[in-house]
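Everything below belongs to structure_0.cif, which stores mmCIF, C-alpha atoms.
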data_entry
#
loop_
_atom_site.group_PDB
_atom_site.id
_atom_site.type_symbol
_atom_site.label_atom_id
_atom_site.label_comp_id
_atom_site.auth_asym_id
_atom_site.auth_seq_id
_atom_site.Cartn_x
_atom_site.Cartn_y
_atom_site.Cartn_z
ATOM 1 C CA MET A 1 17.627 -8.672 -7.865
ATOM 2 C CA ASP A 2 20.345 -6.061 -8.416
ATOM 3 C CA ASP A 3 19.189 -5.594 -12.016
ATOM 4 C CA LEU A 4 15.669 -4.574 -10.971
ATOM 5 C CA ILE A 5 16.578 -0.879 -10.938
ATOM 6 C CA LEU A 6 17.094 0.494 -14.423
ATOM 7 C CA ASP A 7 17.526 4.156 -13.536
ATOM 8 C CA GLU A 8 17.694 6.298 -10.410
ATOM 9 C CA THR A 9 17.447 10.057 -10.922
ATOM 10 C CA VAL A 10 17.792 12.407 -7.964
ATOM 11 C CA ILE A 11 15.280 15.274 -7.910
ATOM 12 C CA PRO A 12 14.727 18.178 -5.470
ATOM 13 C CA SER A 13 13.879 16.885 -2.009
ATOM 14 C CA PRO A 14 11.376 18.279 0.499
ATOM 15 C CA SER A 15 14.056 18.098 3.199
ATOM 16 C CA GLU A 16 17.823 18.497 3.349
ATOM 17 C CA ASP A 17 17.874 15.366 5.510
ATOM 18 C CA LEU A 18 16.243 13.228 2.814
ATOM 19 C CA LYS A 19 17.238 12.233 -0.714
ATOM 20 C CA LEU A 20 14.407 11.945 -3.244
ATOM 21 C CA SER A 21 14.790 9.999 -6.480
ATOM 22 C CA ILE A 22 12.587 8.824 -9.311
ATOM 23 C CA VAL A 23 13.376 5.163 -9.828
ATOM 24 C CA THR A 24 12.672 3.236 -13.009
ATOM 25 C CA TYR A 25 12.466 -0.473 -12.247
ATOM 26 C CA LYS A 26 11.537 -3.747 -13.889
ATOM 27 C CA SER A 27 8.107 -5.221 -13.304
ATOM 28 C CA GLY A 28 7.983 -8.341 -15.429
ATOM 29 C CA GLU A 29 8.633 -7.119 -18.976
ATOM 30 C CA LEU A 30 7.624 -3.527 -18.192
ATOM 31 C CA LYS A 31 9.482 -0.452 -17.029
ATOM 32 C CA VAL A 32 7.623 1.132 -14.104
ATOM 33 C CA LYS A 33 8.438 4.210 -12.039
ATOM 34 C CA GLY A 34 8.165 5.309 -8.416
ATOM 35 C CA TYR A 35 9.525 7.653 -5.760
ATOM 36 C CA LEU A 36 12.370 6.551 -3.504
ATOM 37 C CA LEU A 37 12.833 8.707 -0.408
ATOM 38 C CA GLU A 38 15.660 7.869 1.979
ATOM 39 C CA PRO A 39 17.645 9.492 4.790
ATOM 40 C CA VAL A 40 20.814 11.261 3.657
ATOM 41 C CA LYS A 41 22.722 10.146 6.740
ATOM 42 C CA LYS A 42 24.495 6.863 6.117
ATOM 43 C CA GLY A 43 23.140 3.955 8.098
ATOM 44 C CA ASN A 44 20.781 1.008 8.037
ATOM 45 C CA TYR A 45 17.063 1.730 8.001
ATOM 46 C CA SER A 46 13.808 -0.193 7.956
ATOM 47 C CA GLY A 47 12.071 -0.233 4.594
ATOM 48 C CA LEU A 48 8.523 0.941 3.973
ATOM 49 C CA LEU A 49 6.626 0.143 0.795
ATOM 50 C CA TYR A 50 3.898 2.750 0.306
ATOM 51 C CA LEU A 51 1.107 1.633 -2.025
ATOM 52 C CA ARG A 52 -1.088 4.465 -3.244
ATOM 53 C CA GLY A 53 -4.802 4.453 -3.876
ATOM 54 C CA GLY A 54 -6.839 5.577 -6.848
ATOM 55 C CA ILE A 55 -6.088 4.900 -10.483
ATOM 56 C CA ARG A 56 -4.016 6.828 -13.002
ATOM 57 C CA HIS A 57 -3.813 10.522 -12.034
ATOM 58 C CA VAL A 58 -6.418 10.142 -9.259
ATOM 59 C CA GLY A 59 -4.696 9.338 -5.981
ATOM 60 C CA MET A 60 -1.164 9.667 -7.354
ATOM 61 C CA VAL A 61 1.664 9.408 -4.808
ATOM 62 C CA ARG A 62 2.140 12.669 -2.918
ATOM 63 C CA ILE A 63 5.678 13.523 -1.885
ATOM 64 C CA SER A 64 4.363 15.199 1.261
ATOM 65 C CA ARG A 65 2.702 11.927 2.289
ATOM 66 C CA ILE A 66 5.739 9.695 1.933
ATOM 67 C CA THR A 67 7.884 12.371 3.592
ATOM 68 C CA GLN A 68 5.871 11.804 6.770
ATOM 69 C CA TYR A 69 7.146 8.215 6.859
ATOM 70 C CA ALA A 70 10.709 8.917 5.717
ATOM 71 C CA SER A 71 11.053 11.602 8.394
ATOM 72 C CA GLU A 72 10.441 8.877 10.963
ATOM 73 C CA GLY A 73 13.554 7.038 9.786
ATOM 74 C CA PHE A 74 12.328 4.745 7.004
ATOM 75 C CA VAL A 75 13.557 4.201 3.466
ATOM 76 C CA VAL A 76 10.312 4.644 1.544
ATOM 77 C CA PHE A 77 9.545 3.376 -1.942
ATOM 78 C CA ALA A 78 6.224 4.350 -3.521
ATOM 79 C CA PRO A 79 5.499 2.930 -6.979
ATOM 80 C CA PHE A 80 3.273 4.862 -9.386
ATOM 81 C CA TYR A 81 2.093 1.557 -10.967
ATOM 82 C CA ARG A 82 2.306 0.769 -14.656
ATOM 83 C CA GLY A 83 1.250 3.311 -17.254
ATOM 84 C CA ASN A 84 1.773 6.302 -14.962
ATOM 85 C CA LEU A 85 4.227 9.212 -15.208
ATOM 86 C CA GLY A 86 6.227 7.643 -17.997
ATOM 87 C CA GLY A 87 5.885 4.013 -16.957
ATOM 88 C CA GLU A 88 5.015 1.336 -19.504
ATOM 89 C CA GLY A 89 1.807 -0.694 -19.625
ATOM 90 C CA THR A 90 -1.751 -0.016 -18.495
ATOM 91 C CA GLU A 91 -2.911 0.168 -14.877
ATOM 92 C CA ASP A 92 -5.830 -2.136 -14.059
ATOM 93 C CA PHE A 93 -6.799 -1.500 -10.421
ATOM 94 C CA GLY A 94 -5.381 -4.482 -8.591
ATOM 95 C CA GLY A 95 -5.120 -6.892 -11.506
ATOM 96 C CA GLU A 96 -1.855 -7.439 -13.360
ATOM 97 C CA ASP A 97 -0.501 -4.231 -11.815
ATOM 98 C CA ARG A 98 -0.155 -6.064 -8.494
ATOM 99 C CA VAL A 99 3.099 -7.363 -9.961
ATOM 100 C CA ASP A 100 4.376 -3.765 -9.834
ATOM 101 C CA ALA A 101 3.910 -3.754 -6.057
ATOM 102 C CA ILE A 102 5.727 -7.063 -5.633
ATOM 103 C CA ALA A 103 8.637 -5.866 -7.768
ATOM 104 C CA ALA A 104 8.696 -2.648 -5.716
ATOM 105 C CA TYR A 105 9.055 -4.744 -2.552
ATOM 106 C CA ASP A 106 12.011 -6.482 -4.201
ATOM 107 C CA VAL A 107 13.558 -3.095 -5.008
ATOM 108 C CA LEU A 108 13.465 -2.204 -1.308
ATOM 109 C CA TYR A 109 14.792 -5.618 -0.336
ATOM 110 C CA SER A 110 17.778 -5.113 -2.637
ATOM 111 C CA ARG A 111 18.788 -1.733 -1.171
ATOM 112 C CA GLY A 112 22.053 -1.822 0.724
ATOM 113 C CA ASN A 113 20.785 0.591 3.396
ATOM 114 C CA VAL A 114 17.583 -1.361 4.161
ATOM 115 C CA THR A 115 17.494 -3.841 7.044
ATOM 116 C CA LYS A 116 15.540 -7.074 7.141
ATOM 117 C CA TYR A 117 12.465 -5.101 8.251
ATOM 118 C CA ILE A 118 10.189 -4.130 5.371
ATOM 119 C CA HIS A 119 6.706 -2.854 6.186
ATOM 120 C CA VAL A 120 3.888 -2.593 3.640
ATOM 121 C CA VAL A 121 1.421 0.300 3.910
ATOM 122 C CA GLY A 122 -1.550 0.456 1.548
ATOM 123 C CA PHE A 123 -3.986 3.350 1.299
ATOM 124 C CA SER A 124 -7.464 2.913 -0.198
ATOM 125 C CA ARG A 125 -7.063 0.761 -3.341
ATOM 126 C CA GLY A 126 -3.501 0.247 -2.087
ATOM 127 C CA GLY A 127 -4.981 -2.058 0.540
ATOM 128 C CA MET A 128 -5.613 -4.593 -2.227
ATOM 129 C CA MET A 129 -2.041 -4.255 -3.427
ATOM 130 C CA ALA A 130 -0.639 -4.591 0.111
ATOM 131 C CA ALA A 131 -2.546 -7.810 0.740
ATOM 132 C CA PHE A 132 -1.186 -9.357 -2.437
ATOM 133 C CA VAL A 133 2.382 -8.351 -1.563
ATOM 134 C CA CYS A 134 2.000 -9.957 1.870
ATOM 135 C CA LYS A 135 0.713 -13.090 0.197
ATOM 136 C CA GLU A 136 3.755 -13.311 -2.064
ATOM 137 C CA ARG A 137 6.537 -11.867 0.121
ATOM 138 C CA LYS A 138 7.595 -12.030 3.775
ATOM 139 C CA ALA A 139 6.674 -8.548 4.994
ATOM 140 C CA THR A 140 7.464 -7.452 8.543
ATOM 141 C CA SER A 141 3.971 -5.984 8.903
ATOM 142 C CA MET A 142 1.063 -4.691 6.854
ATOM 143 C CA VAL A 143 -1.016 -1.551 7.374
ATOM 144 C CA THR A 144 -4.212 -1.039 5.415
ATOM 145 C CA TRP A 145 -5.438 2.551 5.819
ATOM 146 C CA GLY A 146 -8.933 3.199 4.506
ATOM 147 C CA GLY A 147 -8.275 0.077 2.466
ATOM 148 C CA VAL A 148 -10.483 -1.866 0.091
ATOM 149 C CA SER A 149 -10.964 -5.445 1.265
ATOM 150 C CA ASP A 150 -13.865 -6.629 -0.930
ATOM 151 C CA LEU A 151 -13.972 -5.259 -4.471
ATOM 152 C CA ALA A 152 -17.471 -6.590 -5.142
ATOM 153 C CA PHE A 153 -18.659 -4.488 -2.198
ATOM 154 C CA THR A 154 -16.861 -1.492 -3.735
ATOM 155 C CA TYR A 155 -18.897 -2.069 -6.897
ATOM 156 C CA GLU A 156 -22.090 -1.886 -4.857
ATOM 157 C CA GLU A 157 -21.174 1.145 -2.732
ATOM 158 C CA ARG A 158 -19.544 3.241 -5.486
ATOM 159 C CA PRO A 159 -21.820 3.661 -8.528
ATOM 160 C CA ASP A 160 -19.355 6.269 -9.821
ATOM 161 C CA LEU A 161 -16.654 3.593 -10.131
ATOM 162 C CA ARG A 162 -18.735 0.918 -11.836
ATOM 163 C CA LYS A 163 -17.794 1.842 -15.404
ATOM 164 C CA MET A 164 -14.091 1.698 -14.550
ATOM 165 C CA LEU A 165 -14.485 -1.549 -12.610
ATOM 166 C CA ARG A 166 -16.351 -3.223 -15.464
ATOM 167 C CA LYS A 167 -13.584 -2.144 -17.829
ATOM 168 C CA VAL A 168 -10.684 -3.506 -15.764
ATOM 169 C CA THR A 169 -12.432 -6.723 -14.669
ATOM 170 C CA GLY A 170 -14.360 -7.547 -17.820
ATOM 171 C CA GLY A 171 -17.810 -7.044 -16.315
ATOM 172 C CA SER A 172 -19.869 -6.647 -13.171
ATOM 173 C CA PRO A 173 -19.491 -8.995 -10.167
ATOM 174 C CA GLU A 174 -22.506 -10.921 -11.450
ATOM 175 C CA LYS A 175 -20.788 -11.547 -14.770
ATOM 176 C CA ASN A 176 -17.191 -12.048 -13.650
ATOM 177 C CA ILE A 177 -17.021 -12.602 -9.908
ATOM 178 C CA GLU A 178 -13.606 -14.313 -10.133
ATOM 179 C CA ALA A 179 -11.947 -11.072 -11.268
ATOM 180 C CA TYR A 180 -13.358 -9.318 -8.183
ATOM 181 C CA LEU A 181 -12.412 -12.106 -5.790
ATOM 182 C CA GLU A 182 -8.793 -12.269 -6.978
ATOM 183 C CA ARG A 183 -8.447 -8.550 -6.190
ATOM 184 C CA SER A 184 -10.041 -8.784 -2.727
ATOM 185 C CA PRO A 185 -7.846 -9.032 0.421
ATOM 186 C CA ILE A 186 -10.518 -11.066 2.237
ATOM 187 C CA MET A 187 -9.540 -13.895 -0.103
ATOM 188 C CA TYR A 188 -5.872 -13.791 0.990
ATOM 189 C CA THR A 189 -6.192 -13.727 4.770
ATOM 190 C CA GLU A 190 -4.954 -17.299 5.157
ATOM 191 C CA SER A 191 -1.637 -16.220 3.619
ATOM 192 C CA MET A 192 -1.241 -13.077 5.735
ATOM 193 C CA ASN A 193 1.249 -14.198 8.356
ATOM 194 C CA CYS A 194 2.603 -10.854 9.540
ATOM 195 C CA PRO A 195 1.078 -8.469 12.106
ATOM 196 C CA ILE A 196 -1.676 -6.410 10.474
ATOM 197 C CA LEU A 197 -2.997 -2.982 11.407
ATOM 198 C CA ILE A 198 -6.341 -1.766 10.046
ATOM 199 C CA VAL A 199 -6.815 2.014 10.123
ATOM 200 C CA HIS A 200 -10.220 3.309 9.044
ATOM 201 C CA GLY A 201 -12.461 6.315 9.509
ATOM 202 C CA LYS A 202 -16.000 5.482 10.606
ATOM 203 C CA ASP A 203 -17.364 8.201 8.317
ATOM 204 C CA ASP A 204 -15.446 7.096 5.231
ATOM 205 C CA LYS A 205 -17.726 7.558 2.217
ATOM 206 C CA SER A 206 -15.167 6.473 -0.396
ATOM 207 C CA VAL A 207 -14.251 3.111 1.153
ATOM 208 C CA GLY A 208 -16.950 2.241 3.649
ATOM 209 C CA LEU A 209 -16.243 1.033 7.179
ATOM 210 C CA GLN A 210 -17.632 -2.351 6.172
ATOM 211 C CA HIS A 211 -14.337 -3.076 4.399
ATOM 212 C CA ALA A 212 -12.461 -2.807 7.701
ATOM 213 C CA ILE A 213 -15.040 -4.903 9.539
ATOM 214 C CA LEU A 214 -15.054 -7.652 6.908
ATOM 215 C CA LEU A 215 -11.259 -7.885 6.920
ATOM 216 C CA GLU A 216 -10.919 -7.798 10.701
ATOM 217 C CA ASN A 217 -13.582 -10.496 11.162
ATOM 218 C CA LYS A 218 -11.956 -12.780 8.601
ATOM 219 C CA LEU A 219 -8.503 -12.323 10.126
ATOM 220 C CA ASN A 220 -9.840 -12.981 13.626
ATOM 221 C CA GLU A 221 -11.571 -16.143 12.421
ATOM 222 C CA GLU A 222 -8.203 -17.389 11.236
ATOM 223 C CA LYS A 223 -6.511 -16.277 14.468
ATOM 224 C CA LYS A 224 -4.174 -13.842 12.730
ATOM 225 C CA ASP A 225 -2.280 -11.051 14.485
ATOM 226 C CA VAL A 226 -4.579 -8.108 13.731
ATOM 227 C CA GLU A 227 -5.322 -4.774 15.385
ATOM 228 C CA SER A 228 -7.918 -2.199 14.316
ATOM 229 C CA TRP A 229 -7.976 1.548 14.841
ATOM 230 C CA LEU A 230 -11.394 2.901 13.905
ATOM 231 C CA PHE A 231 -11.788 6.665 14.207
ATOM 232 C CA ASP A 232 -15.032 8.498 14.967
ATOM 233 C CA GLY A 233 -15.817 11.459 12.748
ATOM 234 C CA VAL A 234 -13.073 10.609 10.261
ATOM 235 C CA GLY A 235 -13.594 10.218 6.521
ATOM 236 C CA HIS A 236 -11.353 8.913 3.757
ATOM 237 C CA THR A 237 -8.894 11.802 3.915
ATOM 238 C CA LEU A 238 -7.677 13.918 6.831
ATOM 239 C CA LEU A 239 -6.349 17.367 7.463
ATOM 240 C CA VAL A 240 -2.541 17.400 7.323
ATOM 241 C CA LYS A 241 -2.169 17.878 11.084
ATOM 242 C CA GLU A 242 -4.530 14.981 11.871
ATOM 243 C CA GLN A 243 -2.915 12.742 9.264
ATOM 244 C CA LEU A 244 0.544 13.453 10.614
ATOM 245 C CA ALA A 245 -0.540 12.607 14.167
ATOM 246 C CA ILE A 246 -1.993 9.245 13.114
ATOM 247 C CA THR A 247 1.020 8.518 10.900
ATOM 248 C CA ARG A 248 3.295 8.955 13.899
ATOM 249 C CA GLU A 249 1.142 6.493 15.831
ATOM 250 C CA VAL A 250 1.353 4.071 12.918
ATOM 251 C CA THR A 251 5.149 4.316 12.699
ATOM 252 C CA ALA A 252 5.372 3.778 16.462
ATOM 253 C CA TRP A 253 3.300 0.615 15.937
ATOM 254 C CA LEU A 254 5.717 -0.504 13.205
ATOM 255 C CA ARG A 255 8.652 -0.097 15.592
ATOM 256 C CA LYS A 256 6.833 -2.151 18.229
ATOM 257 C CA VAL A 257 6.378 -4.932 15.698
ATOM 258 C CA GLU A 258 10.117 -4.863 15.031
ATOM 259 C CA LYS A 259 10.930 -5.065 18.736
ATOM 260 C CA ARG A 260 8.565 -8.000 19.169
ATOM 261 C CA SER A 261 10.176 -9.836 16.277
ATOM 262 C CA LYS A 262 13.583 -9.470 17.918
ATOM 263 C CA GLY A 263 12.098 -10.956 20.934
#
Let me see the structure of the file written as structure tokens.
Amino acid sequence: MDDLILDETVIPSPSEDLKLSIVTYKSGELKVKGYLLEPVKKGNYSGLLYLRGGIRHVGMVRISRITQYASEGFVVFAPFYRGNLGGEGTEDFGGEDRVDAIAAYDVLYSRGNVTKYIHVVGFSRGGMMAAFVCKERKATSMVTWGGVSDLAFTYEERPDLRKMLRKVTGGSPEKNIEAYLERSPIMYTESMNCPILIVHGKDDKSVGLQHAILLENKLNEEKKDVESWLFDGVGHTLLVKEQLAITREVTAWLRKVEKRSKG
């Protein structure tokens, strides 16, 4: 997997303690890009794959967001997905672009400063990507934060996204339900064998609370290791101070998972 990375260009970092690079890597036959943020101090660190939400320019990876994780001592890789910021191909909202997330996991796995612990964190649409990665790779844990778990339900709750969803899937759920099912984490729960944390705001209007409930219920039915944090009065996005506080709780949870696995 050493030949996965095609280019690694250092750019100005938000912190003198962290090195920020734009990485160009192979995803199948395509060249895809993402941010790599890692501690400057030499050592071995847990890896964290951050999978963004949205599509194209909406929901693009924010350096400030991944800095919150890297500052807690993780090597963070956050792919932009195909077709974005100079990457080849066309993004399709959890379809073929899921391969970009798997290849990004492999990039982290190949880093010399990353330990055997690689956590997968998906936000919003990134929840779909995270589930697929955990199906195909042996992640240490998975966090889905405001994550989509049933894309057909997204079609029903988000009229503003229906045109885009019909375009990337080839139709509505009534016409092409298979394309919606293959993108939905509730279909992959049997293959999710790592500890899973569901983080969701009860007032989320972009990805309704029902997504968290559906996923938690399915995982519990299959006796998976799942924990849910559902927050009153919280929507899809948070103020920076609130987001940072919850992120610290999440990273503490990740460390607990690591300790348990040493066990």
Assuming the chain letters and numbering stay as they are in my file, what does the PyMOL selection byres ((chain A and resi 66-82) around 9) actually select? List them as an mmCIF file with C-alpha atoms, in the coordinates of the input.
data_model
loop_
_atom_site.group_PDB
_atom_site.id
_atom_site.type_symbol
_atom_site.label_atom_id
_atom_site.label_comp_id
_atom_site.auth_asym_id
_atom_site.auth_seq_id
_atom_site.Cartn_x
_atom_site.Cartn_y
_atom_site.Cartn_z
ATOM 1 C CA PRO A 14 11.376 18.279 0.499
ATOM 2 C CA SER A 15 14.056 18.098 3.199
ATOM 3 C CA ASP A 17 17.874 15.366 5.510
ATOM 4 C CA LEU A 18 16.243 13.228 2.814
ATOM 5 C CA VAL A 23 13.376 5.163 -9.828
ATOM 6 C CA SER A 27 8.107 -5.221 -13.304
ATOM 7 C CA LEU A 30 7.624 -3.527 -18.192
ATOM 8 C CA LYS A 31 9.482 -0.452 -17.029
ATOM 9 C CA VAL A 32 7.623 1.132 -14.104
ATOM 10 C CA LYS A 33 8.438 4.210 -12.039
ATOM 11 C CA GLY A 34 8.165 5.309 -8.416
ATOM 12 C CA TYR A 35 9.525 7.653 -5.760
ATOM 13 C CA LEU A 36 12.370 6.551 -3.504
ATOM 14 C CA LEU A 37 12.833 8.707 -0.408
ATOM 15 C CA GLU A 38 15.660 7.869 1.979
ATOM 16 C CA PRO A 39 17.645 9.492 4.790
ATOM 17 C CA TYR A 45 17.063 1.730 8.001
ATOM 18 C CA SER A 46 13.808 -0.193 7.956
ATOM 19 C CA GLY A 47 12.071 -0.233 4.594
ATOM 20 C CA LEU A 48 8.523 0.941 3.973
ATOM 21 C CA LEU A 49 6.626 0.143 0.795
ATOM 22 C CA TYR A 50 3.898 2.750 0.306
ATOM 23 C CA LEU A 51 1.107 1.633 -2.025
ATOM 24 C CA ARG A 52 -1.088 4.465 -3.244
ATOM 25 C CA ILE A 55 -6.088 4.900 -10.483
ATOM 26 C CA ARG A 56 -4.016 6.828 -13.002
ATOM 27 C CA MET A 60 -1.164 9.667 -7.354
ATOM 28 C CA VAL A 61 1.664 9.408 -4.808
ATOM 29 C CA ARG A 62 2.140 12.669 -2.918
ATOM 30 C CA ILE A 63 5.678 13.523 -1.885
ATOM 31 C CA SER A 64 4.363 15.199 1.261
ATOM 32 C CA ARG A 65 2.702 11.927 2.289
ATOM 33 C CA GLY A 83 1.250 3.311 -17.254
ATOM 34 C CA ASN A 84 1.773 6.302 -14.962
ATOM 35 C CA LEU A 85 4.227 9.212 -15.208
ATOM 36 C CA GLY A 86 6.227 7.643 -17.997
ATOM 37 C CA GLY A 87 5.885 4.013 -16.957
ATOM 38 C CA GLU A 88 5.015 1.336 -19.504
ATOM 39 C CA GLY A 89 1.807 -0.694 -19.625
ATOM 40 C CA THR A 90 -1.751 -0.016 -18.495
ATOM 41 C CA GLU A 91 -2.911 0.168 -14.877
ATOM 42 C CA ASP A 92 -5.830 -2.136 -14.059
ATOM 43 C CA ASP A 97 -0.501 -4.231 -11.815
ATOM 44 C CA ARG A 98 -0.155 -6.064 -8.494
ATOM 45 C CA ASP A 100 4.376 -3.765 -9.834
ATOM 46 C CA ALA A 101 3.910 -3.754 -6.057
ATOM 47 C CA ALA A 104 8.696 -2.648 -5.716
ATOM 48 C CA TYR A 105 9.055 -4.744 -2.552
ATOM 49 C CA VAL A 107 13.558 -3.095 -5.008
ATOM 50 C CA LEU A 108 13.465 -2.204 -1.308
ATOM 51 C CA ASN A 113 20.785 0.591 3.396
ATOM 52 C CA VAL A 114 17.583 -1.361 4.161
ATOM 53 C CA LEU A 244 0.544 13.453 10.614
ATOM 54 C CA THR A 247 1.020 8.518 10.900
ATOM 55 C CA ARG A 248 3.295 8.955 13.899
ATOM 56 C CA THR A 251 5.149 4.316 12.699
#
Task: Minimum-distance residue to Val133 (chain A), chosen among A:Ser228, A:Ser206, A:Thr154, A:Ser191 (using only C-alpha atoms) - done: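 Smallest distance to Val133 (chain A) is found for A:Ser191.
Take the PyMOL selection byres ((chain A and resi 223) around 12) and apply it to this file: it picks A:Thr189, A:Glu190, A:Ser191, A:Met192, A:Asn193, A:Cys194, A:Pro195, A:Ile196, A:Glu216, A:Asn217, A:Lys218, A:Leu219, A:Asn220, A:Glu221, A:Glu222, A:Lys224, A:Asp225, A:Val226, A:Glu227.
The gap separating CA of Ser141 (chain A) from CA of Arg260 (chain A) is 11.4 Å, in Å to one decimal.
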Open item on the list: Excluding Gly94 (chain A) and its own-chain neighbours fewer than 4 positions away, which residues fall within 10 Å of it when counting all atoms listed in the file? Please give them as a list in words.
Closed with: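 Residues meeting the cut-off are Ile55, Tyr81, Arg98, Val99, Asp100, Ala101, Arg125, Gly126, Gly127, Met128, Met129, Ala130, Phe132, Leu151, Val168, Thr169, Ala179, Tyr180, Glu182, Arg183 and Ser184 of chain A.
Here CA of Glu8 (chain A) is placed at a distance of 27.1 Å from CA of Ala131 (chain A).
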Open item on the list: Quick check, in Å to one decimal: how far apart do CA of Phe153 (chain A) and CA of His211 (chain A) lie?
Closed with: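 Separation between CA of Phe153 (chain A) and CA of His211 (chain A): 8.0 Å.
Closest to Glu16 (chain A) among A:Ile186, A:Val58, A:Leu215, A:Val40 is A:Val40, based on only C-alpha atoms.
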So for region 68-80 of chain A, what box centre and size do we get, axis-aligned, 8 Å extra on each of the six sides, every listed atom, Å to one decimal, as JSON?
{"center_x": 8.4, "center_y": 7.4, "center_z": 0.8, "size_x": 26.3, "size_y": 24.9, "size_z": 36.3}
Task: Counting only C-alpha atoms, the residue of A:Thr140, A:Ala103, A:Thr9, A:Val207 that sits nearest Lys262 (chain A) - done: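 Among the listed residues, the smallest separation from Lys262 (chain A) belongs to A:Thr140.
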Can you pull out the residues contacting Trp229 (chain A)? Cut-off 9 Å, using all atoms listed in the file, and skip same-chain residues under 2 positions away; I want them as an mmCIF file with C-alpha atoms, in the coordinates of the input.
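Output below, filename part.cif:
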data_model
loop_
_atom_site.group_PDB
_atom_site.id
_atom_site.type_symbol
_atom_site.label_atom_id
_atom_site.label_comp_id
_atom_site.auth_asym_id
_atom_site.auth_seq_id
_atom_site.Cartn_x
_atom_site.Cartn_y
_atom_site.Cartn_z
ATOM 1 C CA LEU A 197 -2.997 -2.982 11.407
ATOM 2 C CA ILE A 198 -6.341 -1.766 10.046
ATOM 3 C CA VAL A 199 -6.815 2.014 10.123
ATOM 4 C CA HIS A 200 -10.220 3.309 9.044
ATOM 5 C CA GLY A 201 -12.461 6.315 9.509
ATOM 6 C CA GLU A 227 -5.322 -4.774 15.385
ATOM 7 C CA PHE A 231 -11.788 6.665 14.207
#
Open item on the list: Give me the residues near Ala139 (chain A) as a list of chain:residue names, where near means some atom within 8 Å (using all atoms listed in the file) and where sequence neighbours in that chain fewer than 2 positions away do not count.
Closed with: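 Here the qualifying residues turn out to be A:Tyr117, A:Ile118, A:His119, A:Val120, A:Val133, A:Cys134, A:Arg137, A:Ser141, A:Met142, A:Cys194.
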Please reconstruct the missing atoms of region 142-155 of chain A (target: N, CA and C atoms) and return them as a short mmCIF file (atom, residue, chain, number, x, y, z; two decimals), in the coordinates of the input.
data_model
loop_
_atom_site.label_atom_id
_atom_site.label_comp_id
_atom_site.auth_asym_id
_atom_site.auth_seq_id
_atom_site.Cartn_x
_atom_site.Cartn_y
_atom_site.Cartn_z
N MET A 142 1.91 -5.30 7.88
CA MET A 142 1.06 -4.69 6.85
C MET A 142 0.10 -3.72 7.53
N VAL A 143 -0.03 -2.54 6.92
CA VAL A 143 -1.02 -1.55 7.37
C VAL A 143 -1.94 -1.27 6.21
N THR A 144 -3.24 -1.42 6.43
CA THR A 144 -4.21 -1.04 5.42
C THR A 144 -5.00 0.14 5.97
N TRP A 145 -4.87 1.29 5.33
CA TRP A 145 -5.44 2.55 5.82
C TRP A 145 -6.56 2.98 4.87
N GLY A 146 -7.79 2.92 5.37
CA GLY A 146 -8.93 3.20 4.51
C GLY A 146 -8.96 2.26 3.32
N GLY A 147 -8.53 1.02 3.56
CA GLY A 147 -8.28 0.08 2.47
C GLY A 147 -9.48 -0.70 1.99
N VAL A 148 -9.48 -0.99 0.70
CA VAL A 148 -10.48 -1.87 0.09
C VAL A 148 -10.17 -3.30 0.48
N SER A 149 -11.18 -4.03 0.94
CA SER A 149 -10.96 -5.44 1.26
C SER A 149 -11.87 -6.38 0.45
N ASP A 150 -12.93 -5.83 -0.13
CA ASP A 150 -13.86 -6.63 -0.93
C ASP A 150 -14.28 -5.79 -2.13
N LEU A 151 -13.72 -6.10 -3.30
CA LEU A 151 -13.97 -5.26 -4.47
C LEU A 151 -15.41 -5.35 -4.97
N ALA A 152 -16.06 -6.48 -4.75
CA ALA A 152 -17.47 -6.59 -5.14
C ALA A 152 -18.32 -5.62 -4.31
N PHE A 153 -17.94 -5.45 -3.04
CA PHE A 153 -18.66 -4.49 -2.20
C PHE A 153 -18.40 -3.07 -2.69
N THR A 154 -17.17 -2.81 -3.15
CA THR A 154 -16.86 -1.49 -3.74
C THR A 154 -17.77 -1.22 -4.93
N TYR A 155 -18.01 -2.23 -5.74
CA TYR A 155 -18.90 -2.07 -6.90
C TYR A 155 -20.29 -1.65 -6.45
#
